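Below is one structure, written out as structure tokens; comments come after it.
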Amino acid sequence: MTTQTLEAEAAALSEALEGLDLAGRLALIAGLEGRAVFTTSLGIEDQVITAAIGTNRLDIDVATLKTGRLFTETVALIDETEETYGILIKRFHPEKADIDAFVAQYGMNGFYESVEARHACCGVRKLKPLARALEGASYWITGLRRGQSGNRAATPFAEADIERGLIKINPLADWDIETIRAHVAAHAIPVNPLHSRGYPSIGCEPCTRAIKPGEPERAGRWWWENDEKRECGLHVPEAASSIIPNASNAA
Ligand code: SF4
């Protein structure tokens with residue numbers, strides 16, 4: 001698909017999704033021609049989407065990136081969520097050779113030492129597995145919300161991901177955290193117990209800490225870095241090629 005075609009379809013989808021509720025948004029994507037993949041990190045937003053996919057038996061693949069550095073609570077929630085909704089959450093792991101190369105160059109926890117090392121770690125543990133999870137997909141569904149950080153304040157319902165050659169769908173873009181929490185309570189959706197211990201945003205264990213009252217939701221992610229726009233690269237399209245060579249073709 002050309003860049004113009006992707007952008008035109010994304011714009012039309014964004015408009016169509018805006019007037020629908022969550023189930024309607026996901027049903028619309030599931031009904032399109034082409035494979036749809038939802039990648040979950042098991043965060044509270046992602047659990048809302050997984051519950052909607054499972055409850056409505058939608059034809060959307062659910063995948064997660066098992067980085068090897070996740071919290072025990074997150075790993076347990078993968079199994080619990082599969083049992084609750086009778087779905088398969090496909091696990092994508094980093095390649096051992098990539099991890100060995102990272103550790104040889106930077107050390108197991110070398111990501112604390114430099115932004116370059118941190119990006120390299122996210123590259124091998126997240127970006128390359130993500131590329132495999134999205135192979136052959138036309139639509140990539142995420143739990144991004146505008147309220148998660150200033151960096152995400154303009155998140156659209158659908159956007160062209162030129163680097164990956166697909167359309168990214170953000171069906172919770174306009175939901176705030178209070179609405180998410182109310183929905184989870186009303187539908188008894190299982191969530192990570194770390195959320196109630198001060199972790200609104202949960203990533204890898206060594207790179208996530210609890211936040212203080214009043215801090216932004218993502219303040220506990222890579223807290224030692226100064227860049228206010230820090231991300232792991234999953235949602236920064238150009239990072240796919242800049243963080244790891246040939247990432248857009250990585251298998
Ligand atoms: S979040 Fe931390 S441990 Fe996880 S992949 Fe990125 S740098 Fe590595």
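Each chain of the structure tokens is named A, B, ... in the order shown, its residues numbered from 1; ligands are numbered from 1 in display order.
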
Within 12 Å of ligand 1, counting only C-alpha atoms and all ligand atoms, which protein or nucleic acid residues do you find, written as a PDB file with C-alpha atoms, in the first residue's frame?
ATOM      1  CA  SER A  41       1.357  -5.219  27.745  1.00  0.00           C
ATOM      2  CA  LEU A  65       5.974  -9.230  24.113  1.00  0.00           C
ATOM      3  CA  LYS A  66       7.539 -11.427  26.788  1.00  0.00           C
ATOM      4  CA  THR A  67      10.713  -9.427  27.172  1.00  0.00           C
ATOM      5  CA  GLY A  68      12.232 -11.675  29.823  1.00  0.00           C
ATOM      6  CA  ARG A  69      12.286  -8.761  32.288  1.00  0.00           C
ATOM      7  CA  LEU A  70       8.569  -8.524  33.136  1.00  0.00           C
ATOM      8  CA  PHE A  71       7.149  -8.403  36.660  1.00  0.00           C
ATOM      9  CA  HIS A  93      10.187 -13.569  22.883  1.00  0.00           C
ATOM     10  CA  PRO A  94      13.539 -11.963  22.134  1.00  0.00           C
ATOM     11  CA  ASP A  98      20.350 -10.825  20.379  1.00  0.00           C
ATOM     12  CA  ILE A  99      20.282 -10.915  24.185  1.00  0.00           C
ATOM     13  CA  PHE A 102      23.467  -7.011  24.129  1.00  0.00           C
ATOM     14  CA  VAL A 103      24.826  -8.436  27.378  1.00  0.00           C
ATOM     15  CA  TYR A 106      26.526  -3.446  27.606  1.00  0.00           C
ATOM     16  CA  GLY A 107      26.008  -5.889  30.491  1.00  0.00           C
ATOM     17  CA  MET A 108      22.651  -7.345  31.549  1.00  0.00           C
ATOM     18  CA  ASN A 109      21.479  -4.062  33.110  1.00  0.00           C
ATOM     19  CA  GLY A 110      23.511  -1.777  30.871  1.00  0.00           C
ATOM     20  CA  PHE A 111      20.365   0.174  30.008  1.00  0.00           C
ATOM     21  CA  TYR A 112      20.902   2.287  33.130  1.00  0.00           C
ATOM     22  CA  GLU A 113      24.199   3.590  31.776  1.00  0.00           C
ATOM     23  CA  SER A 114      23.119   5.378  28.579  1.00  0.00           C
ATOM     24  CA  VAL A 115      20.122   6.136  26.395  1.00  0.00           C
ATOM     25  CA  GLU A 116      21.891   4.309  23.576  1.00  0.00           C
ATOM     26  CA  ALA A 117      22.143   1.133  25.661  1.00  0.00           C
ATOM     27  CA  ARG A 118      18.542   1.461  26.784  1.00  0.00           C
ATOM     28  CA  HIS A 119      17.344   1.797  23.207  1.00  0.00           C
ATOM     29  CA  ALA A 120      19.462  -1.201  22.261  1.00  0.00           C
ATOM     30  CA  CYS A 121      17.836  -3.282  25.001  1.00  0.00           C
ATOM     31  CA  CYS A 122      14.322  -2.187  24.002  1.00  0.00           C
ATOM     32  CA  GLY A 123      15.313  -2.947  20.428  1.00  0.00           C
ATOM     33  CA  VAL A 124      16.162  -6.580  21.040  1.00  0.00           C
ATOM     34  CA  ARG A 125      13.606  -7.312  23.769  1.00  0.00           C
ATOM     35  CA  LYS A 126      10.654  -5.367  22.339  1.00  0.00           C
ATOM     36  CA  LEU A 127      11.037  -3.973  18.839  1.00  0.00           C
ATOM     37  CA  LYS A 128      12.288  -7.093  17.107  1.00  0.00           C
ATOM     38  CA  PRO A 129       9.649  -9.335  18.745  1.00  0.00           C
ATOM     39  CA  LEU A 130       7.037  -6.702  17.862  1.00  0.00           C
ATOM     40  CA  SER A 201       2.052   2.334  33.818  1.00  0.00           C
ATOM     41  CA  ILE A 202       3.868  -1.009  33.933  1.00  0.00           C
ATOM     42  CA  GLY A 203       6.714  -2.136  31.723  1.00  0.00           C
ATOM     43  CA  CYS A 204       9.794  -4.224  32.444  1.00  0.00           C
ATOM     44  CA  GLU A 205      10.574  -4.609  36.156  1.00  0.00           C
ATOM     45  CA  PRO A 206      14.019  -2.971  36.195  1.00  0.00           C
ATOM     46  CA  CYS A 207      12.705   0.014  34.215  1.00  0.00           C
ATOM     47  CA  THR A 208       9.477   0.729  36.093  1.00  0.00           C
ATOM     48  CA  ARG A 209       8.933   2.172  39.539  1.00  0.00           C
ATOM     49  CA  GLY A 220       7.806   5.759  36.660  1.00  0.00           C
ATOM     50  CA  ARG A 221       9.065   4.519  33.276  1.00  0.00           C
ATOM     51  CA  TRP A 222      12.856   4.926  32.692  1.00  0.00           C
ATOM     52  CA  TRP A 223      12.776   7.468  35.508  1.00  0.00           C
ATOM     53  CA  TRP A 224      16.548   7.985  35.466  1.00  0.00           C
ATOM     54  CA  GLU A 225      16.443   9.546  31.991  1.00  0.00           C
ATOM     55  CA  ARG A 230      11.038   8.954  26.623  1.00  0.00           C
ATOM     56  CA  GLU A 231       9.421   5.929  25.027  1.00  0.00           C
ATOM     57  CA  CYS A 232      10.598   2.398  24.284  1.00  0.00           C
ATOM     58  CA  GLY A 233      10.242   2.913  20.541  1.00  0.00           C
ATOM     59  CA  LEU A 234       7.158   0.765  19.994  1.00  0.00           C
ATOM     60  CA  ILE A 243      17.003   1.721  17.137  1.00  0.00           C
TER      61      ILE A 243
END

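Among the candidates A:Glu33, A:Glu73, A:Thr50, A:Phe38, the residue lying nearest to Leu194 of chain A is A:Glu73 (atoms considered: only C-alpha atoms).
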
Residues within 12 Å of segment 177-193 of chain A, please, as an NGL selection string. Count only C-alpha atoms; anything in the same chain fewer than 2 positions from it doesn't count. :A and (22 or 41-52 or 54-55 or 70-85 or 143-149 or 172-175 or 195-203 or 216-217)

So that each row is one residue of segment 145-173 of chain A with an atom at most 10 Å from segment 135-138 of chain A, can you give its shortest atom pair and the distance in Å to one decimal, using only C-alpha atoms, rows by chain and rising number, as JSON lines?
{"residue": "A:Arg164", "atom": "CA", "partner": "A:Glu135", "partner_atom": "CA", "distance": 9.2}
{"residue": "A:Gly165", "atom": "CA", "partner": "A:Ser138", "partner_atom": "CA", "distance": 7.7}
{"residue": "A:Leu166", "atom": "CA", "partner": "A:Ser138", "partner_atom": "CA", "distance": 4.9}
{"residue": "A:Ile167", "atom": "CA", "partner": "A:Ser138", "partner_atom": "CA", "distance": 6.3}
{"residue": "A:Lys168", "atom": "CA", "partner": "A:Ser138", "partner_atom": "CA", "distance": 8.6}

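Going from atom CA of Thr40 of chain A to atom CA of Ile60 of chain A covers 12.1 Å.
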